[in-house]
Every structure is written in C-alpha cells, then in structure tokens.
>>> print(open('start_28.txt').read())   # compact mmCIF, C-alpha atoms
# COMPACT_ATOMS: atom_id res chain seq x y z
CA MET A 1 -65.27 62.42 26.16
CA ILE A 2 -61.82 61.04 25.40
CA LYS A 3 -61.33 59.98 29.02
CA GLN A 4 -64.76 58.35 29.11
CA LYS A 5 -64.03 56.35 25.93
CA SER A 6 -60.62 55.29 27.23
CA SER A 7 -62.17 54.14 30.52
CA GLU A 8 -64.81 52.15 28.63
CA MET A 9 -62.08 50.55 26.52
CA GLY A 10 -60.16 49.73 29.70
CA VAL A 11 -63.17 47.98 31.22
CA SER A 12 -63.71 46.08 28.01
CA LYS A 13 -60.11 44.85 28.03
CA LYS A 14 -60.47 43.70 31.64
CA GLU A 15 -63.61 41.81 30.78
CA LYS A 16 -61.91 40.13 27.84
CA ARG A 17 -58.89 39.25 29.96
CA GLY A 18 -61.15 37.77 32.63
CA LEU A 19 -63.07 35.81 30.01
CA VAL A 20 -59.84 34.37 28.57
CA ILE A 21 -58.61 33.36 32.04
CA THR A 22 -61.96 31.74 32.80
CA GLU A 23 -61.94 29.81 29.52
CA ILE A 24 -58.39 28.57 30.12
CA PHE A 25 -59.33 27.46 33.64
CA MET A 26 -62.43 25.64 32.37
CA ILE A 27 -60.42 23.90 29.62
CA LEU A 28 -57.85 22.71 32.18
CA LEU A 29 -60.64 21.58 34.50
CA ALA A 30 -62.30 19.67 31.65
CA ALA A 31 -58.97 18.04 30.77
CA VAL A 32 -58.46 16.89 34.37
CA TRP A 33 -62.05 15.61 34.48
CA PHE A 34 -61.53 13.70 31.21
CA ILE A 35 -58.47 11.77 32.44
CA PRO A 36 -60.47 8.96 34.18
CA ILE A 37 -62.71 8.61 31.12
CA TYR A 38 -59.67 8.44 28.84
CA TYR A 39 -58.12 5.81 31.13
CA LEU A 40 -61.33 3.78 31.07
CA ILE A 41 -61.60 3.85 27.27
CA VAL A 42 -57.98 3.06 26.39
CA THR A 43 -57.80 0.24 28.97
CA THR A 44 -60.66 -1.57 27.23
CA PHE A 45 -58.36 -2.09 24.20
CA LYS A 46 -55.30 -3.38 26.11
CA ASN A 47 -54.15 -6.72 27.42
CA PRO A 48 -53.57 -7.04 31.19
CA GLN A 49 -49.78 -6.70 30.93
CA GLU A 50 -49.90 -3.51 28.87
CA ALA A 51 -52.62 -2.03 31.09
CA THR A 52 -50.32 -2.49 34.11
CA GLN A 53 -47.12 -1.28 32.46
CA SER A 54 -48.58 1.76 30.68
CA PRO A 55 -51.88 2.83 32.30
CA LEU A 56 -52.32 6.11 30.38
CA GLY A 57 -50.50 5.24 27.18
CA LEU A 58 -52.25 4.33 23.96
CA PRO A 59 -52.41 0.61 23.18
CA LYS A 60 -49.57 -0.73 21.06
CA VAL A 61 -51.88 -3.48 19.84
CA TRP A 62 -55.62 -2.74 19.90
CA VAL A 63 -57.41 -5.72 21.48
CA PHE A 64 -61.06 -5.77 20.38
CA GLN A 65 -61.54 -9.26 21.77
CA ASN A 66 -62.13 -7.70 25.20
CA TYR A 67 -65.52 -6.43 24.06
CA VAL A 68 -66.44 -9.77 22.51
CA ASP A 69 -65.59 -11.58 25.74
CA ALA A 70 -67.46 -9.01 27.84
CA PHE A 71 -70.55 -9.31 25.63
CA ALA A 72 -70.58 -13.08 26.13
CA ASN A 73 -69.56 -13.24 29.81
CA MET A 74 -72.18 -10.78 31.05
CA GLN A 75 -74.92 -12.27 28.82
CA TYR A 76 -75.44 -8.77 27.51
CA PRO A 77 -78.72 -9.17 25.53
CA ARG A 78 -80.54 -10.66 28.54
CA ALA A 79 -79.10 -8.14 31.01
CA LEU A 80 -79.88 -5.24 28.65
CA PHE A 81 -83.47 -6.43 28.19
CA ASN A 82 -84.01 -6.70 31.97
CA THR A 83 -82.54 -3.25 32.54
CA VAL A 84 -84.58 -1.61 29.78
CA LYS A 85 -87.78 -3.32 30.98
CA ILE A 86 -87.35 -2.09 34.55
CA THR A 87 -86.37 1.41 33.44
CA VAL A 88 -89.20 1.89 30.93
CA LEU A 89 -91.93 0.63 33.28
CA ALA A 90 -90.62 2.61 36.24
CA VAL A 91 -90.31 5.83 34.24
CA ALA A 92 -93.81 5.45 32.74
CA ILE A 93 -95.41 4.92 36.16
CA ILE A 94 -93.45 7.79 37.72
CA VAL A 95 -94.39 10.25 34.96
CA LEU A 96 -98.08 9.34 35.15
CA VAL A 97 -98.32 9.42 38.96
CA THR A 98 -96.15 12.48 39.61
CA SER A 99 -97.69 14.59 36.83
CA MET A 100 -101.18 14.06 38.26
CA ALA A 101 -100.02 14.56 41.85
CA GLY A 102 -97.98 17.64 40.98
CA TYR A 103 -100.91 19.19 39.12
CA ALA A 104 -103.29 18.48 42.01
CA LEU A 105 -100.91 19.97 44.59
CA ALA A 106 -100.26 23.02 42.41
CA ARG A 107 -103.98 23.79 42.16
CA THR A 108 -104.80 22.92 45.79
CA LYS A 109 -104.28 26.06 47.83
CA SER A 110 -105.01 24.81 51.32
CA ARG A 111 -103.14 24.04 54.50
CA TRP A 112 -103.47 20.29 53.95
CA GLY A 113 -102.21 20.60 50.39
CA ASN A 114 -99.06 22.35 51.59
CA ARG A 115 -98.52 19.77 54.31
CA ILE A 116 -98.84 16.89 51.85
CA PHE A 117 -96.35 18.61 49.54
CA LEU A 118 -93.89 19.03 52.42
CA LEU A 119 -94.35 15.35 53.24
CA PHE A 120 -93.30 14.45 49.71
CA LEU A 121 -90.35 16.85 49.92
CA ALA A 122 -89.15 14.94 52.97
CA GLY A 123 -88.48 12.07 50.58
CA LEU A 124 -85.79 14.22 48.94
CA VAL A 125 -84.04 14.71 52.27
CA VAL A 126 -84.32 11.28 53.88
CA PRO A 127 -82.30 8.59 52.01
CA PHE A 128 -84.24 5.44 51.25
CA GLN A 129 -81.32 3.33 52.49
CA MET A 130 -82.46 4.11 56.03
CA ASN A 131 -85.59 2.03 55.41
CA ILE A 132 -84.02 -0.73 53.37
CA VAL A 133 -84.73 -3.43 55.99
CA SER A 134 -88.41 -2.46 56.11
CA LEU A 135 -88.57 -2.41 52.31
CA PHE A 136 -87.07 -5.89 52.16
CA LYS A 137 -89.64 -7.24 54.64
CA ILE A 138 -92.53 -5.61 52.77
CA VAL A 139 -91.43 -6.91 49.37
CA LYS A 140 -90.92 -10.40 50.79
CA SER A 141 -94.31 -10.40 52.56
CA ILE A 142 -96.23 -9.56 49.36
CA GLY A 143 -94.43 -12.23 47.34
CA LEU A 144 -92.51 -10.02 44.90
CA MET A 145 -88.99 -11.23 45.68
CA ASN A 146 -86.92 -12.07 42.60
CA THR A 147 -89.33 -10.27 40.27
CA ALA A 148 -88.84 -7.13 38.21
CA TRP A 149 -91.87 -5.55 39.89
CA ALA A 150 -90.06 -5.46 43.24
CA VAL A 151 -87.35 -3.23 41.76
CA ILE A 152 -89.84 -1.20 39.72
CA LEU A 153 -92.10 -0.35 42.66
CA VAL A 154 -89.17 0.54 44.94
CA ASP A 155 -87.65 2.75 42.21
CA VAL A 156 -91.03 4.44 41.76
CA ALA A 157 -91.23 5.18 45.48
CA ILE A 158 -87.68 6.55 45.50
CA ASN A 159 -88.19 8.93 42.56
CA VAL A 160 -91.76 10.13 43.20
CA PRO A 161 -90.74 13.10 45.44
CA GLN A 162 -88.43 14.55 42.80
CA GLY A 163 -91.05 14.19 40.07
CA ILE A 164 -93.82 15.78 42.14
CA PHE A 165 -91.59 18.73 42.99
CA LEU A 166 -90.70 19.39 39.33
CA PHE A 167 -94.27 19.03 38.05
CA LYS A 168 -95.79 21.19 40.80
CA GLU A 169 -93.32 24.04 40.26
CA PHE A 170 -93.75 23.86 36.49
CA VAL A 171 -97.55 23.98 36.66
CA GLU A 172 -97.54 26.91 39.08
CA SER A 173 -95.06 28.96 37.06
CA THR A 174 -96.03 28.14 33.48
CA ILE A 175 -99.62 26.99 32.97
CA PRO A 176 -102.25 29.77 33.32
CA LYS A 177 -105.41 28.98 35.24
CA GLU A 178 -107.50 30.77 32.59
CA LEU A 179 -107.13 27.80 30.24
CA GLU A 180 -108.59 25.46 32.83
CA GLU A 181 -111.36 27.90 33.74
CA ALA A 182 -112.39 28.12 30.08
CA ALA A 183 -112.46 24.32 29.89
CA GLU A 184 -114.63 24.16 33.00
CA ILE A 185 -117.10 26.55 31.39
CA ASP A 186 -117.29 24.18 28.41
CA GLY A 187 -118.13 21.32 30.78
CA CYS A 188 -114.75 19.56 31.00
CA SER A 189 -114.30 17.18 33.92
CA VAL A 190 -111.13 17.32 36.03
CA ILE A 191 -109.66 14.18 34.44
CA ARG A 192 -110.40 15.30 30.88
CA LYS A 193 -109.11 18.79 31.65
CA PHE A 194 -105.82 17.33 32.84
CA PHE A 195 -105.24 14.91 29.95
CA VAL A 196 -106.55 17.14 27.14
CA ILE A 197 -105.35 20.59 28.20
CA VAL A 198 -102.70 20.40 30.91
CA LEU A 199 -100.72 17.29 29.98
CA PRO A 200 -99.74 18.48 26.44
CA LEU A 201 -98.34 21.67 28.01
CA LEU A 202 -96.13 19.62 30.34
CA LYS A 203 -93.84 18.32 27.59
CA PRO A 204 -90.68 20.21 28.72
CA VAL A 205 -90.90 19.03 32.32
CA ILE A 206 -91.97 15.54 31.24
CA ALA A 207 -88.77 15.30 29.19
CA THR A 208 -86.76 16.50 32.18
CA VAL A 209 -88.34 13.98 34.55
CA VAL A 210 -87.87 11.17 32.00
CA ILE A 211 -84.17 11.98 31.67
CA LEU A 212 -83.45 12.35 35.38
CA VAL A 213 -85.44 9.29 36.41
CA THR A 214 -83.92 7.19 33.63
CA LEU A 215 -80.45 8.07 34.88
CA ASN A 216 -81.45 7.21 38.46
CA VAL A 217 -83.13 3.90 37.68
CA TRP A 218 -80.51 2.72 35.18
CA ASN A 219 -77.66 3.44 37.61
CA GLU A 220 -79.43 1.99 40.66
CA PHE A 221 -77.51 -1.00 42.00
CA MET A 222 -78.71 -1.62 45.55
CA THR A 223 -82.35 -2.42 44.81
CA PRO A 224 -81.65 -5.04 42.10
CA LEU A 225 -78.95 -6.54 44.32
CA LEU A 226 -81.43 -6.95 47.20
CA PHE A 227 -84.56 -8.04 45.36
CA LEU A 228 -83.29 -9.99 42.32
CA GLN A 229 -81.76 -13.29 43.42
CA SER A 230 -81.46 -15.31 40.20
CA ARG A 231 -79.19 -14.56 37.29
CA GLU A 232 -82.05 -14.70 34.79
CA GLN A 233 -83.42 -11.51 36.41
CA ASP A 234 -80.06 -9.69 36.69
CA VAL A 235 -79.58 -6.18 35.33
CA ILE A 236 -76.40 -4.85 33.74
CA LEU A 237 -74.80 -3.54 36.94
CA GLN A 238 -75.24 -6.91 38.62
CA GLU A 239 -73.47 -8.63 35.74
CA VAL A 240 -70.66 -6.09 36.00
CA SER A 241 -70.32 -6.69 39.74
CA ARG A 242 -69.94 -10.44 39.17
CA ASN A 243 -66.55 -9.76 37.57
CA ILE A 244 -65.09 -7.85 40.52
CA GLY A 245 -62.87 -10.27 42.44
CA GLN A 246 -62.44 -10.32 46.19
CA PHE A 247 -58.66 -10.00 46.05
CA SER A 248 -57.95 -8.91 42.46
CA THR A 249 -59.79 -7.61 39.41
CA ASP A 250 -58.98 -7.89 35.72
CA TRP A 251 -59.57 -4.30 34.64
CA THR A 252 -59.22 -5.12 30.95
CA ALA A 253 -62.20 -7.46 31.34
CA LEU A 254 -64.23 -5.21 33.66
CA PHE A 255 -63.92 -1.91 31.77
CA PRO A 256 -65.45 -3.20 28.50
CA MET A 257 -68.47 -4.35 30.54
CA LEU A 258 -68.77 -0.86 32.00
CA MET A 259 -68.65 0.64 28.51
CA LEU A 260 -71.33 -1.75 27.25
CA GLY A 261 -73.49 -0.86 30.24
CA VAL A 262 -73.08 2.90 29.83
CA ALA A 263 -73.35 3.03 26.01
CA PRO A 264 -77.20 2.89 25.77
CA LEU A 265 -77.51 5.53 28.48
CA MET A 266 -75.02 7.83 26.74
CA ILE A 267 -76.91 7.55 23.45
CA PHE A 268 -80.19 8.30 25.22
CA TYR A 269 -78.71 11.27 27.07
CA ILE A 270 -77.16 12.78 23.93
CA PHE A 271 -80.54 12.84 22.19
CA MET A 272 -82.43 14.14 25.24
CA GLN A 273 -80.01 16.54 26.95
CA LYS A 274 -81.38 19.69 25.27
CA TYR A 275 -84.64 19.27 27.19
CA ILE A 276 -83.02 19.33 30.64
CA ILE A 277 -82.22 23.04 30.84
CA ALA A 278 -85.56 24.07 29.34
CA GLY A 279 -87.58 21.95 31.73
CA VAL A 280 -85.67 22.67 34.92
CA SER A 281 -85.36 26.42 34.30
CA ALA A 282 -89.03 26.73 33.42
CA GLY A 283 -90.09 24.89 36.54
CA ALA A 284 -87.67 26.62 38.88
CA VAL A 285 -88.69 30.24 38.19
CA LYS A 286 -92.07 31.51 39.29
CA GLY A 287 -93.93 34.53 37.97
>>> encode(input="start_28.txt", output="structure tokens")
Amino acid sequence: MIKQKSSEMGVSKKEKRGLVITEIFMILLAAVWFIPIYYLIVTTFKNPQEATQSPLGLPKVWVFQNYVDAFANMQYPRALFNTVKITVLAVAIIVLVTSMAGYALARTKSRWGNRIFLLFLAGLVVPFQMNIVSLFKIVKSIGLMNTAWAVILVDVAINVPQGIFLFKEFVESTIPKELEEAAEIDGCSVIRKFFVIVLPLLKPVIATVVILVTLNVWNEFMTPLLFLQSREQDVILQEVSRNIGQFSTDWTALFPMLMLGVAPLMIFYIFMQKYIIAGVSAGAVKG
C-alpha cells in the first residue's frame, strides 16, 4: 500500500512538473507572438524619428495626432460605412443560402446528394485566385464593375463552401429527425419546417459562420481592389494601401490606419468569440 501511494504521488509530481513546463513554454510563446502587436501599437504614438531610433521602446512623447491625421487621410467614416455594408450584406446572404443548402444536403441521403456536397467541398481546396480572370470578365459583362454588389457576390461565392460544410455537419450531428417527422405529421411544409423548427436550433453554428465569414470578408483585399475603381466605393484596406509608398513608407502614418481598420473587427470578435468553440465542436463531432 505504501509503495502504491508513493508511486501515485510520483506520477502526480511528474504531471505537475510537465504542466508547469508547458505553461512556461506557452507564456514564452505568447510573449514572442505579442512582440509584433506591441511594435504596431507603440509605433502609432511616435514621430518618424523616434520610431526609427527606438523601434521597441516606449514613446518619450505620446503623439496622438497620428490617429487624427489617419482618420482624416483615409476618409474613415466613408471607408468604414462601405466596409460594413459589404460585410453585413455578404454575411446575411451566406447564412441564408448555406443554412438552407446545408440542411438539404444533410437530409438528402442519395448518391447525387453526396456528389453535390463533394462539389461544394472542392471550393475549399481550389483557391478562387485561380479563376480571378474569369470572375473579372463575368462581373464586367453583367455591368457590376465599381459597385458594392460585385464584391458582395464574389465574397458570397468564396465563402459558400465553408458555410455549407459547417451547417451540414451540425444538422447531421445535432438536430434529431424526430422533430421534423412530428412537424410533418402536423402538416408542416418543408419551408415552414426549416424556418420554424430547424433554423432556431442552428444558433450556435450560425454564430460560428457569422464570425468566420465576417473575418474573411472584412480582411479581403483582392476583390475590392479588382472590382472597386473609384475612391467613393473604397473599403478600409484600400485606403490603407494608398499610404504604402513605392520606395518608402511612413510607418507612423500607416500603423494608425491599420489600428482604425482592425478596431471594429476586434470589438466584434471579443463579443462573439465564445460562440466559435461551441459551434465548431458541435458540428465537427457526429453521434
């Protein structure tokens, strides 16, 4: 008995030692990861000379004028409005389309249903940049160049495969068919069954899709660059790119623009991050 207890205590000490080592390693890794963020933040409050002489040091004189100049130079209210408009419309369309498609594919147990699902999954493997020339010709031919709808529809097409995958897996693993069968007995149509019974149960995965798609659309730079050709239609990332010089860049002017562009997304992510793990884990495990 004494030997058994001592061995159990020995294992416990090893586990604690391993946990301490792991925590120390993770803290060091987080510190290394935080260095670029720290550099970005402190540089926004420096003048160009101080930013060059002391890149990682704290500012001797905190320059808040950098943010005022960035707000004015990038026409922040207009750029923010354009970005929010594109993001909200794209996310709404993606959630509506992919939730219905994911539900239909989850309940369609046929060879054609599986083939269609695999076709959508191919969109996760093949990068859309391979078809960017064709997309440009299509958008130009239908007269949507230099409109927000060009970016919205392309962003919808890019993010549909991911949304369908998440919704299909969530429906298959979480929502019991008995609820739908009971609704059918009561005379519910397919559309009413989806919107009244199934859709309210999709809240965790809806939150996950909203978060992931919002991050993708907000941070997308290539599609606005290709399809928006006037400054009145520019999004935040386009305004930021205007301040990157060909031969030199004023980092104390550029970094405040980056912070203004990321700030709304950070606030949104902080309020919504708790739904990511719940939605992804629920949709990834079957049975």
>>> closest_residue(input="start_28.txt", among="A:Ala106, A:Leu118, A:Leu260, A:Val95", to="Lys203 of chain A", atoms="only C-alpha atoms")
A:Val95
>>> atom_distance(input="start_28.txt", atom1="atom CA of Leu202 of chain A", atom2="atom CA of Tyr103 of chain A")
10.0 Å
>>> closest_residue(input="start_28.txt", among="A:Ala31, A:Phe120, A:Ala150, A:Thr83", to="Lys137 of chain A", atoms="all atoms listed in the file")
A:Ala150
>>> atom_distance(input="start_28.txt", atom1="atom CA of Pro264 of chain A", atom2="atom CA of Leu135 of chain A")
29.4 Å
>>> closest_residue(input="start_28.txt", among="A:Asn47, A:Leu124, A:Glu23, A:Ala90", to="Phe64 of chain A", atoms="all atoms listed in the file")
A:Asn47
>>> atom_distance(input="start_28.txt", atom1="atom CA of Leu121 of chain A", atom2="atom CA of Val154 of chain A")
17.1 Å
>>> closest_residue(input="start_28.txt", among="A:Ala70, A:Leu265, A:Ile93, A:Val156", to="Arg242 of chain A", atoms="all atoms listed in the file")
A:Ala70
>>> residues_near_point(input="start_28.txt", point="(-78.5, -4.8, 32.9)", cutoff="10 Å", atoms="only C-alpha atoms", output="number ranges by chain")
A: 74-86, 218-219, 221, 224, 233-240, 260-262
>>> closest_residue(input="start_28.txt", among="A:Ile24, A:Lys168, A:Gln162, A:Thr147", to="Asn114 of chain A", atoms="only C-alpha atoms")
A:Lys168
>>> residues_around(input="start_28.txt", residues="Ala122 of chain A", least_positions_apart="6", cutoff="12 Å", atoms="only C-alpha atoms", output="PyMOL selection string")
chain A and resi 115-116+128+158+160-162+164-165
>>> residues_around(input="start_28.txt", residues="Leu179 of chain A", least_positions_apart="2", cutoff="12 Å", atoms="only C-alpha atoms", output="list in words")
Thr174, Ile175, Pro176, Lys177, Glu181, Ala182, Ala183, Glu184, Ile185, Asp186, Cys188, Lys193, Phe194, Val196, Ile197, Val198 and Leu201 of chain A
>>> closest_residue(input="start_28.txt", among="A:Leu144, A:Thr87, A:Lys274, A:Glu172", to="Glu220 of chain A", atoms="all atoms listed in the file")
A:Thr87
